[in-house]
$ cat my_file_21.pdb   # PDB, C-alpha atoms and all ligand atoms
ATOM      1  CA  MET A 159      -5.496 -15.665 -22.674  1.00  0.00           C
ATOM      2  CA  PRO A 160      -7.190 -18.079 -20.245  1.00  0.00           C
ATOM      3  CA  ARG A 161      -6.845 -17.686 -16.509  1.00  0.00           C
ATOM      4  CA  GLY A 162      -3.848 -19.378 -14.940  1.00  0.00           C
ATOM      5  CA  LYS A 163      -1.650 -18.896 -17.975  1.00  0.00           C
ATOM      6  CA  TYR A 164       0.193 -15.959 -16.514  1.00  0.00           C
ATOM      7  CA  ARG A 165       3.802 -16.160 -15.503  1.00  0.00           C
ATOM      8  CA  ILE A 166       4.708 -15.052 -11.995  1.00  0.00           C
ATOM      9  CA  PRO A 167       7.576 -12.552 -11.971  1.00  0.00           C
ATOM     10  CA  LYS A 168      10.377 -12.412  -9.395  1.00  0.00           C
ATOM     11  CA  ASP A 169      10.574  -9.473  -6.962  1.00  0.00           C
ATOM     12  CA  GLU A 170      13.539  -8.030  -8.888  1.00  0.00           C
ATOM     13  CA  GLN A 171      11.560  -8.074 -12.121  1.00  0.00           C
ATOM     14  CA  ILE A 172       8.661  -6.273 -10.493  1.00  0.00           C
ATOM     15  CA  LEU A 173      10.932  -3.641  -8.930  1.00  0.00           C
ATOM     16  CA  GLU A 174      12.578  -3.048 -12.283  1.00  0.00           C
ATOM     17  CA  ALA A 175       9.180  -2.704 -13.960  1.00  0.00           C
ATOM     18  CA  ILE A 176       8.044  -0.207 -11.291  1.00  0.00           C
ATOM     19  CA  GLU A 177      11.137   1.883 -12.068  1.00  0.00           C
ATOM     20  CA  LYS A 178      10.293   1.825 -15.750  1.00  0.00           C
ATOM     21  CA  VAL A 179       6.690   2.827 -15.067  1.00  0.00           C
ATOM     22  CA  PHE A 180       7.820   5.843 -13.010  1.00  0.00           C
ATOM     23  CA  GLY A 181      10.468   6.727 -15.543  1.00  0.00           C
ATOM     24  CA  LYS A 182       7.574   7.680 -17.800  1.00  0.00           C
ATOM     25  CA  ARG A 183       5.237   9.333 -15.307  1.00  0.00           C
ATOM     26  CA  ARG A 184       5.318  10.815 -11.817  1.00  0.00           C
ATOM     27  CA  VAL A 185       1.964   9.684 -10.463  1.00  0.00           C
ATOM     28  CA  VAL A 186      -0.139   6.535 -10.684  1.00  0.00           C
ATOM     29  CA  ASP A 187      -3.436   7.165  -8.949  1.00  0.00           C
ATOM     30  CA  SER A 188      -4.601   3.653  -8.134  1.00  0.00           C
ATOM     31  CA  GLN A 189      -3.272   0.251  -7.173  1.00  0.00           C
ATOM     32  CA  ARG A 190      -5.073  -1.340 -10.113  1.00  0.00           C
ATOM     33  CA  GLY A 191      -3.534   1.225 -12.460  1.00  0.00           C
ATOM     34  CA  LEU A 192      -0.069   0.403 -11.130  1.00  0.00           C
ATOM     35  CA  LYS A 193      -0.730  -3.315 -11.573  1.00  0.00           C
ATOM     36  CA  GLN A 194      -1.744  -2.815 -15.189  1.00  0.00           C
ATOM     37  CA  LEU A 195       1.268  -0.629 -15.989  1.00  0.00           C
ATOM     38  CA  VAL A 196       3.703  -3.017 -14.287  1.00  0.00           C
ATOM     39  CA  GLU A 197       2.243  -6.023 -16.100  1.00  0.00           C
ATOM     40  CA  LYS A 198       2.535  -4.165 -19.375  1.00  0.00           C
ATOM     41  CA  GLU A 199       6.224  -3.451 -18.694  1.00  0.00           C
ATOM     42  CA  LEU A 200       6.875  -7.091 -17.757  1.00  0.00           C
ATOM     43  CA  SER A 201       5.062  -8.727 -20.620  1.00  0.00           C
ATOM     44  CA  ASN A 202       6.628  -9.195 -23.983  1.00  0.00           C
ATOM     45  CA  LYS A 203       6.100 -12.584 -25.611  1.00  0.00           C
ATOM     46  CA  GLU A 204       4.743 -13.968 -22.393  1.00  0.00           C
ATOM     47  CA  LYS A 205       2.071 -12.519 -20.150  1.00  0.00           C
ATOM     48  CA  TYR A 206       2.950 -11.770 -16.563  1.00  0.00           C
ATOM     49  CA  GLY A 207       0.495 -11.445 -13.722  1.00  0.00           C
ATOM     50  CA  VAL A 208       1.171  -9.517 -10.501  1.00  0.00           C
ATOM     51  CA  GLY A 209      -1.120  -9.555  -7.476  1.00  0.00           C
ATOM     52  CA  GLU A 210      -2.124  -6.100  -6.261  1.00  0.00           C
ATOM     53  CA  VAL A 211      -1.273  -6.881  -2.635  1.00  0.00           C
ATOM     54  CA  ARG A 212       2.177  -8.169  -3.553  1.00  0.00           C
ATOM     55  CA  LEU A 213       2.756  -5.078  -5.655  1.00  0.00           C
ATOM     56  CA  ARG A 214       1.713  -2.810  -2.788  1.00  0.00           C
ATOM     57  CA  HIS A 215       4.027  -4.604  -0.348  1.00  0.00           C
ATOM     58  CA  LEU A 216       6.969  -4.202  -2.722  1.00  0.00           C
ATOM     59  CA  SER A 217       6.105  -0.557  -3.355  1.00  0.00           C
ATOM     60  CA  ILE A 218       6.162   0.250   0.366  1.00  0.00           C
ATOM     61  CA  GLY A 219       9.828  -0.761   0.465  1.00  0.00           C
ATOM     62  CA  ILE A 220      10.902   1.631  -2.311  1.00  0.00           C
ATOM     63  CA  PRO A 221      12.419   4.776  -0.763  1.00  0.00           C
ATOM     64  CA  TRP A 222      11.867   7.005  -3.802  1.00  0.00           C
ATOM     65  CA  LEU A 223       8.194   6.080  -4.061  1.00  0.00           C
ATOM     66  CA  GLU A 224       5.556   7.692  -1.901  1.00  0.00           C
ATOM     67  CA  MET A 225       2.282   5.917  -1.242  1.00  0.00           C
ATOM     68  CA  GLU A 226      -0.674   8.036  -0.209  1.00  0.00           C
ATOM     69  CA  ILE A 227      -3.575   6.167   1.373  1.00  0.00           C
ATOM     70  CA  HIS A 228      -7.154   7.328   0.941  1.00  0.00           C
ATOM     71  CA  TYR A 229      -9.713   6.048   3.443  1.00  0.00           C
ATOM     72  CA  ARG A 230     -13.301   5.690   4.311  1.00  0.00           C
ATOM     73  CA  GLU A 231     -14.330   5.522   7.926  1.00  0.00           C
ATOM     74  CA  SER A 232     -16.183   2.433   9.040  1.00  0.00           C
ATOM     75  CA  ALA A 233     -18.607   2.292  11.945  1.00  0.00           C
ATOM     76  CA  GLU A 234     -16.601  -0.529  13.464  1.00  0.00           C
ATOM     77  CA  LYS A 235     -14.942   0.471  16.700  1.00  0.00           C
ATOM     78  CA  ARG A 236     -12.936  -2.678  17.273  1.00  0.00           C
ATOM     79  CA  ALA A 237      -9.285  -1.796  16.968  1.00  0.00           C
ATOM     80  CA  PRO A 238      -7.455  -3.237  13.982  1.00  0.00           C
ATOM     81  CA  TYR A 239      -4.945  -5.809  15.160  1.00  0.00           C
ATOM     82  CA  LYS A 240      -2.571  -5.583  12.223  1.00  0.00           C
ATOM     83  CA  CYS A 241      -2.066  -2.891   9.629  1.00  0.00           C
ATOM     84  CA  PRO A 242      -4.603  -3.493   6.829  1.00  0.00           C
ATOM     85  CA  VAL A 243      -2.153  -2.080   4.302  1.00  0.00           C
ATOM     86  CA  CYS A 244       1.120  -3.892   5.052  1.00  0.00           C
ATOM     87  CA  LYS A 245       0.312  -6.310   7.934  1.00  0.00           C
ATOM     88  CA  SER A 246       2.825  -4.727  10.306  1.00  0.00           C
ATOM     89  CA  LYS A 247       2.002  -4.331  13.967  1.00  0.00           C
ATOM     90  CA  LEU A 248       0.120  -1.128  14.707  1.00  0.00           C
ATOM     91  CA  LYS A 249       1.231   1.351  17.302  1.00  0.00           C
ATOM     92  CA  LYS A 250      -1.257   2.991  19.627  1.00  0.00           C
ATOM     93  CA  VAL A 251      -1.432   6.754  19.492  1.00  0.00           C
ATOM     94  CA  ARG A 252      -1.965   7.927  23.058  1.00  0.00           C
ATOM     95  CA  ASN A 253      -2.448  11.188  24.767  1.00  0.00           C
ATOM     96  CA  LEU A 254      -1.942  12.102  28.391  1.00  0.00           C
ATOM     97  CA  THR A 255      -5.062  13.014  30.286  1.00  0.00           C
ATOM     98  CA  ILE A 256      -5.166  15.786  32.878  1.00  0.00           C
ATOM     99  CA  PHE A 257      -5.604  13.089  35.488  1.00  0.00           C
ATOM    100  CA  GLY A 258      -2.215  11.585  34.738  1.00  0.00           C
ATOM    101  CA  GLY A 259      -3.479   8.586  32.792  1.00  0.00           C
ATOM    102  CA  THR A 260      -3.384   7.990  29.070  1.00  0.00           C
ATOM    103  CA  VAL A 261      -6.120   7.746  26.519  1.00  0.00           C
ATOM    104  CA  THR A 262      -5.851   5.957  23.197  1.00  0.00           C
ATOM    105  CA  LEU A 263      -6.686   8.243  20.296  1.00  0.00           C
ATOM    106  CA  GLY A 264      -6.054   5.837  17.484  1.00  0.00           C
ATOM    107  CA  PHE A 265      -3.492   3.679  15.746  1.00  0.00           C
ATOM    108  CA  LYS A 266      -0.603   4.230  13.427  1.00  0.00           C
ATOM    109  CA  CYS A 267       1.638   2.080  11.271  1.00  0.00           C
ATOM    110  CA  GLU A 268       5.266   3.138  11.205  1.00  0.00           C
ATOM    111  CA  THR A 269       6.052   1.021   8.147  1.00  0.00           C
ATOM    112  CA  CYS A 270       3.590   2.376   5.611  1.00  0.00           C
ATOM    113  CA  GLY A 271       1.958   5.392   7.227  1.00  0.00           C
ATOM    114  CA  TYR A 272      -1.531   3.957   7.718  1.00  0.00           C
ATOM    115  CA  SER A 273      -3.355   5.691  10.523  1.00  0.00           C
ATOM    116  CA  SER A 274      -6.742   5.341  12.100  1.00  0.00           C
ATOM    117  CA  GLY A 275      -8.821   6.878  14.826  1.00  0.00           C
ATOM    118  CA  LEU A 276     -10.864   4.703  17.138  1.00  0.00           C
ATOM    119  CA  LYS A 277     -13.364   4.295  14.349  1.00  0.00           C
ATOM    120  CA  ARG A 278     -11.568   2.045  11.975  1.00  0.00           C
ATOM    121  CA  ARG A 279     -10.414   3.601   8.719  1.00  0.00           C
ATOM    122  CA  ILE A 280     -10.582   1.381   5.685  1.00  0.00           C
ATOM    123  CA  PRO A 281      -8.097   2.000   2.867  1.00  0.00           C
ATOM    124  CA  ILE A 282      -9.986   2.424  -0.399  1.00  0.00           C
ATOM    125  CA  ARG A 283      -7.400   3.846  -2.732  1.00  0.00           C
ATOM    126  CA  TYR A 284      -3.655   4.175  -3.055  1.00  0.00           C
ATOM    127  CA  VAL A 285      -1.865   6.931  -4.947  1.00  0.00           C
ATOM    128  CA  PHE A 286       1.774   6.340  -5.860  1.00  0.00           C
ATOM    129  CA  THR A 287       4.057   9.308  -6.499  1.00  0.00           C
ATOM    130  CA  ARG A 288       7.714   9.373  -7.490  1.00  0.00           C
ATOM    131  CA  ARG A 289       9.704  11.560  -5.075  1.00  0.00           C
ATOM    132  CA  LYS A 290      12.745  12.214  -7.230  1.00  0.00           C
TER     133      LYS A 290
HETATM  134 ZN    ZN A 301       1.277  -0.538   7.420  1.00  0.00          ZN
END
$ encode --input "my_file_21.pdb" --output "structure tokens"
Amino acid sequence: MPRGKYRIPKDEQILEAIEKVFGKRRVVDSQRGLKQLVEKELSNKEKYGVGEVRLRHLSIGIPWLEMEIHYRESAEKRAPYKCPVCKSKLKKVRNLTIFGGTVTLGFKCETCGYSSGLKRRIPIRYVFTRRK
């Protein structure tokens, strides 16, 4: 099948396919693995293609699905502006100092659970687990 010949599924189709995937197994240990399984569920006569980022964004919204993020730490100390996982705004994690001020310890995303210290953490792997 040449590139560009894939059909693009609707969100509902993807969500349905994710349910089917996790009806057969509890854990999918990578984003690429989830993409392959979802595409397999979607495709019958026609081939469907799903972008990994789109799939991750949809997965974050599923209450019965847990997404565990694995990281590597980068040397970069510049704070991330937006969540690298879901693009939400990051919240500063602060601590009070004994002098009555606050100190920023890191950053946290309340949408997907991404967290980082002052050294930026780069997501390298996602593990998806069915909760129910
Ligand atoms: Zn996030």
$ resolve_selection --input "my_file_21.pdb" --expression "the PyMOL selection byres (((chain A and resi 285) around 8) and not hetatm)" --output "list in words"
Val185, Val186, Asp187, Ser188, Gln189, Met225, Glu226, Ile227, His228, Arg283, Tyr284, Phe286 and Thr287 of chain A
$ write_last_selection --input "my_file_21.pdb" --atoms "C-alpha atoms" --output "PDB file, in the coordinates of the input"
ATOM      1  CA  VAL A 185       1.964   9.684 -10.463  1.00  0.00           C
ATOM      2  CA  VAL A 186      -0.139   6.535 -10.684  1.00  0.00           C
ATOM      3  CA  ASP A 187      -3.436   7.165  -8.949  1.00  0.00           C
ATOM      4  CA  SER A 188      -4.601   3.653  -8.134  1.00  0.00           C
ATOM      5  CA  GLN A 189      -3.272   0.251  -7.173  1.00  0.00           C
ATOM      6  CA  MET A 225       2.282   5.917  -1.242  1.00  0.00           C
ATOM      7  CA  GLU A 226      -0.674   8.036  -0.209  1.00  0.00           C
ATOM      8  CA  ILE A 227      -3.575   6.167   1.373  1.00  0.00           C
ATOM      9  CA  HIS A 228      -7.154   7.328   0.941  1.00  0.00           C
ATOM     10  CA  ARG A 283      -7.400   3.846  -2.732  1.00  0.00           C
ATOM     11  CA  TYR A 284      -3.655   4.175  -3.055  1.00  0.00           C
ATOM     12  CA  PHE A 286       1.774   6.340  -5.860  1.00  0.00           C
ATOM     13  CA  THR A 287       4.057   9.308  -6.499  1.00  0.00           C
TER      14      THR A 287
END
$ resolve_selection --input "my_file_21.pdb" --expression "the PyMOL selection byres (((chain A and resi 266) around 12) and not hetatm)" --output "ChimeraX atom specification"
/A:237-252,262-265,267-276,278-279
$ atom_distance --input "my_file_21.pdb" --atom1 "atom CA of A:Val211" --atom2 "atom CA of A:Tyr229"
16.6 Å
$ closest_residue --input "my_file_21.pdb" --among "A:Ser201, A:Lys277, A:Leu192, A:Ile172" --to "A:Glu231" --atoms "only C-alpha atoms"
A:Lys277
$ atom_distance --input "my_file_21.pdb" --atom1 "atom CA of A:Tyr164" --atom2 "atom CA of A:Gly191"
18.0 Å
$ atom_distance --input "my_file_21.pdb" --atom1 "atom CA of A:Glu170" --atom2 "atom CA of A:Glu224"
19.0 Å
$ decode --input "my_file_21.pdb" --residues "stretch 178-220 of chain A" --atoms "N, CA and C atoms" --output "PDB file, in the first residue's frame"
ATOM      1  N   LYS A 178     -11.956  -2.032  21.764  1.00  0.00           N
ATOM      2  CA  LYS A 178     -11.772  -3.404  21.283  1.00  0.00           C
ATOM      3  C   LYS A 178     -10.383  -3.923  21.625  1.00  0.00           C
ATOM      4  N   VAL A 179      -9.381  -3.068  21.422  1.00  0.00           N
ATOM      5  CA  VAL A 179      -7.998  -3.463  21.734  1.00  0.00           C
ATOM      6  C   VAL A 179      -7.892  -3.885  23.202  1.00  0.00           C
ATOM      7  N   PHE A 180      -8.487  -3.064  24.110  1.00  0.00           N
ATOM      8  CA  PHE A 180      -8.357  -3.364  25.537  1.00  0.00           C
ATOM      9  C   PHE A 180      -9.404  -4.373  26.024  1.00  0.00           C
ATOM     10  N   GLY A 181     -10.276  -4.773  25.148  1.00  0.00           N
ATOM     11  CA  GLY A 181     -11.139  -5.907  25.459  1.00  0.00           C
ATOM     12  C   GLY A 181     -10.359  -7.216  25.364  1.00  0.00           C
ATOM     13  N   LYS A 182      -9.255  -7.174  24.670  1.00  0.00           N
ATOM     14  CA  LYS A 182      -8.450  -8.383  24.452  1.00  0.00           C
ATOM     15  C   LYS A 182      -7.201  -8.435  25.318  1.00  0.00           C
ATOM     16  N   ARG A 183      -6.790  -7.300  25.834  1.00  0.00           N
ATOM     17  CA  ARG A 183      -5.574  -7.254  26.659  1.00  0.00           C
ATOM     18  C   ARG A 183      -5.697  -6.115  27.647  1.00  0.00           C
ATOM     19  N   ARG A 184      -4.886  -6.178  28.722  1.00  0.00           N
ATOM     20  CA  ARG A 184      -4.963  -5.142  29.748  1.00  0.00           C
ATOM     21  C   ARG A 184      -3.931  -4.040  29.526  1.00  0.00           C
ATOM     22  N   VAL A 185      -2.791  -4.414  28.964  1.00  0.00           N
ATOM     23  CA  VAL A 185      -1.683  -3.467  28.853  1.00  0.00           C
ATOM     24  C   VAL A 185      -1.167  -3.389  27.421  1.00  0.00           C
ATOM     25  N   VAL A 186      -0.906  -2.174  26.961  1.00  0.00           N
ATOM     26  CA  VAL A 186      -0.154  -1.978  25.717  1.00  0.00           C
ATOM     27  C   VAL A 186       1.034  -1.100  26.098  1.00  0.00           C
ATOM     28  N   ASP A 187       2.251  -1.606  25.855  1.00  0.00           N
ATOM     29  CA  ASP A 187       3.399  -0.947  26.484  1.00  0.00           C
ATOM     30  C   ASP A 187       4.142   0.055  25.602  1.00  0.00           C
ATOM     31  N   SER A 188       3.510   0.500  24.535  1.00  0.00           N
ATOM     32  CA  SER A 188       4.088   1.629  23.792  1.00  0.00           C
ATOM     33  C   SER A 188       3.019   2.306  22.949  1.00  0.00           C
ATOM     34  N   GLN A 189       3.290   3.563  22.613  1.00  0.00           N
ATOM     35  CA  GLN A 189       2.373   4.323  21.776  1.00  0.00           C
ATOM     36  C   GLN A 189       2.310   3.730  20.362  1.00  0.00           C
ATOM     37  N   ARG A 190       3.474   3.298  19.860  1.00  0.00           N
ATOM     38  CA  ARG A 190       3.499   2.691  18.539  1.00  0.00           C
ATOM     39  C   ARG A 190       2.706   1.381  18.515  1.00  0.00           C
ATOM     40  N   GLY A 191       2.837   0.620  19.611  1.00  0.00           N
ATOM     41  CA  GLY A 191       2.094  -0.640  19.714  1.00  0.00           C
ATOM     42  C   GLY A 191       0.596  -0.383  19.695  1.00  0.00           C
ATOM     43  N   LEU A 192       0.172   0.664  20.416  1.00  0.00           N
ATOM     44  CA  LEU A 192      -1.253   1.002  20.453  1.00  0.00           C
ATOM     45  C   LEU A 192      -1.732   1.432  19.062  1.00  0.00           C
ATOM     46  N   LYS A 193      -0.916   2.212  18.380  1.00  0.00           N
ATOM     47  CA  LYS A 193      -1.255   2.648  17.026  1.00  0.00           C
ATOM     48  C   LYS A 193      -1.464   1.440  16.099  1.00  0.00           C
ATOM     49  N   GLN A 194      -0.555   0.495  16.183  1.00  0.00           N
ATOM     50  CA  GLN A 194      -0.655  -0.674  15.308  1.00  0.00           C
ATOM     51  C   GLN A 194      -1.905  -1.502  15.612  1.00  0.00           C
ATOM     52  N   LEU A 195      -2.193  -1.672  16.902  1.00  0.00           N
ATOM     53  CA  LEU A 195      -3.361  -2.470  17.295  1.00  0.00           C
ATOM     54  C   LEU A 195      -4.659  -1.767  16.895  1.00  0.00           C
ATOM     55  N   VAL A 196      -4.700  -0.449  17.087  1.00  0.00           N
ATOM     56  CA  VAL A 196      -5.900   0.316  16.733  1.00  0.00           C
ATOM     57  C   VAL A 196      -6.118   0.288  15.212  1.00  0.00           C
ATOM     58  N   GLU A 197      -5.054   0.452  14.470  1.00  0.00           N
ATOM     59  CA  GLU A 197      -5.186   0.409  13.001  1.00  0.00           C
ATOM     60  C   GLU A 197      -5.650  -0.960  12.524  1.00  0.00           C
ATOM     61  N   LYS A 198      -5.187  -1.980  13.208  1.00  0.00           N
ATOM     62  CA  LYS A 198      -5.603  -3.342  12.847  1.00  0.00           C
ATOM     63  C   LYS A 198      -7.107  -3.524  13.100  1.00  0.00           C
ATOM     64  N   GLU A 199      -7.576  -2.977  14.238  1.00  0.00           N
ATOM     65  CA  GLU A 199      -9.012  -3.077  14.550  1.00  0.00           C
ATOM     66  C   GLU A 199      -9.854  -2.284  13.542  1.00  0.00           C
ATOM     67  N   LEU A 200      -9.337  -1.156  13.088  1.00  0.00           N
ATOM     68  CA  LEU A 200     -10.104  -0.288  12.188  1.00  0.00           C
ATOM     69  C   LEU A 200     -10.150  -0.824  10.757  1.00  0.00           C
ATOM     70  N   SER A 201      -9.082  -1.464  10.361  1.00  0.00           N
ATOM     71  CA  SER A 201      -8.964  -1.832   8.951  1.00  0.00           C
ATOM     72  C   SER A 201      -9.689  -3.140   8.657  1.00  0.00           C
ATOM     73  N   ASN A 202     -10.470  -3.110   7.623  1.00  0.00           N
ATOM     74  CA  ASN A 202     -11.009  -4.354   7.099  1.00  0.00           C
ATOM     75  C   ASN A 202     -10.675  -4.426   5.615  1.00  0.00           C
ATOM     76  N   LYS A 203     -11.584  -3.954   4.762  1.00  0.00           N
ATOM     77  CA  LYS A 203     -11.243  -3.876   3.340  1.00  0.00           C
ATOM     78  C   LYS A 203     -10.318  -2.711   3.068  1.00  0.00           C
ATOM     79  N   GLU A 204     -10.531  -1.649   3.849  1.00  0.00           N
ATOM     80  CA  GLU A 204      -9.714  -0.458   3.635  1.00  0.00           C
ATOM     81  C   GLU A 204      -8.736  -0.283   4.780  1.00  0.00           C
ATOM     82  N   LYS A 205      -7.615   0.318   4.465  1.00  0.00           N
ATOM     83  CA  LYS A 205      -6.577   0.566   5.473  1.00  0.00           C
ATOM     84  C   LYS A 205      -6.819   1.918   6.120  1.00  0.00           C
ATOM     85  N   TYR A 206      -6.748   1.929   7.439  1.00  0.00           N
ATOM     86  CA  TYR A 206      -6.850   3.179   8.175  1.00  0.00           C
ATOM     87  C   TYR A 206      -5.514   3.553   8.787  1.00  0.00           C
ATOM     88  N   GLY A 207      -5.251   4.838   8.817  1.00  0.00           N
ATOM     89  CA  GLY A 207      -4.024   5.323   9.450  1.00  0.00           C
ATOM     90  C   GLY A 207      -4.361   6.295  10.573  1.00  0.00           C
ATOM     91  N   VAL A 208      -3.730   6.100  11.737  1.00  0.00           N
ATOM     92  CA  VAL A 208      -3.959   6.980  12.884  1.00  0.00           C
ATOM     93  C   VAL A 208      -2.624   7.545  13.341  1.00  0.00           C
ATOM     94  N   GLY A 209      -2.554   8.853  13.495  1.00  0.00           N
ATOM     95  CA  GLY A 209      -1.328   9.480  13.993  1.00  0.00           C
ATOM     96  C   GLY A 209      -1.139   9.166  15.470  1.00  0.00           C
ATOM     97  N   GLU A 210       0.103   8.950  15.872  1.00  0.00           N
ATOM     98  CA  GLU A 210       0.361   8.585  17.274  1.00  0.00           C
ATOM     99  C   GLU A 210      -0.026   9.700  18.238  1.00  0.00           C
ATOM    100  N   VAL A 211       0.204  10.947  17.839  1.00  0.00           N
ATOM    101  CA  VAL A 211      -0.123  12.068  18.732  1.00  0.00           C
ATOM    102  C   VAL A 211      -1.636  12.176  18.908  1.00  0.00           C
ATOM    103  N   ARG A 212      -2.365  12.026  17.813  1.00  0.00           N
ATOM    104  CA  ARG A 212      -3.823  12.083  17.890  1.00  0.00           C
ATOM    105  C   ARG A 212      -4.357  10.962  18.792  1.00  0.00           C
ATOM    106  N   LEU A 213      -3.770   9.804  18.631  1.00  0.00           N
ATOM    107  CA  LEU A 213      -4.173   8.646  19.432  1.00  0.00           C
ATOM    108  C   LEU A 213      -3.915   8.897  20.919  1.00  0.00           C
ATOM    109  N   ARG A 214      -2.752   9.494  21.212  1.00  0.00           N
ATOM    110  CA  ARG A 214      -2.418   9.782  22.608  1.00  0.00           C
ATOM    111  C   ARG A 214      -3.399  10.797  23.190  1.00  0.00           C
ATOM    112  N   HIS A 215      -3.717  11.841  22.411  1.00  0.00           N
ATOM    113  CA  HIS A 215      -4.650  12.858  22.902  1.00  0.00           C
ATOM    114  C   HIS A 215      -6.019  12.259  23.194  1.00  0.00           C
ATOM    115  N   LEU A 216      -6.485  11.366  22.333  1.00  0.00           N
ATOM    116  CA  LEU A 216      -7.775  10.719  22.572  1.00  0.00           C
ATOM    117  C   LEU A 216      -7.706   9.799  23.793  1.00  0.00           C
ATOM    118  N   SER A 217      -6.591   9.110  23.940  1.00  0.00           N
ATOM    119  CA  SER A 217      -6.433   8.177  25.056  1.00  0.00           C
ATOM    120  C   SER A 217      -6.476   8.884  26.402  1.00  0.00           C
ATOM    121  N   ILE A 218      -5.906  10.086  26.457  1.00  0.00           N
ATOM    122  CA  ILE A 218      -5.875  10.851  27.708  1.00  0.00           C
ATOM    123  C   ILE A 218      -7.298  11.136  28.199  1.00  0.00           C
ATOM    124  N   GLY A 219      -8.235  11.277  27.291  1.00  0.00           N
ATOM    125  CA  GLY A 219      -9.611  11.571  27.679  1.00  0.00           C
ATOM    126  C   GLY A 219     -10.436  10.362  28.098  1.00  0.00           C
ATOM    127  N   ILE A 220      -9.878   9.173  28.040  1.00  0.00           N
ATOM    128  CA  ILE A 220     -10.644   7.964  28.389  1.00  0.00           C
ATOM    129  C   ILE A 220     -10.467   7.657  29.875  1.00  0.00           C
TER     130      ILE A 220
END
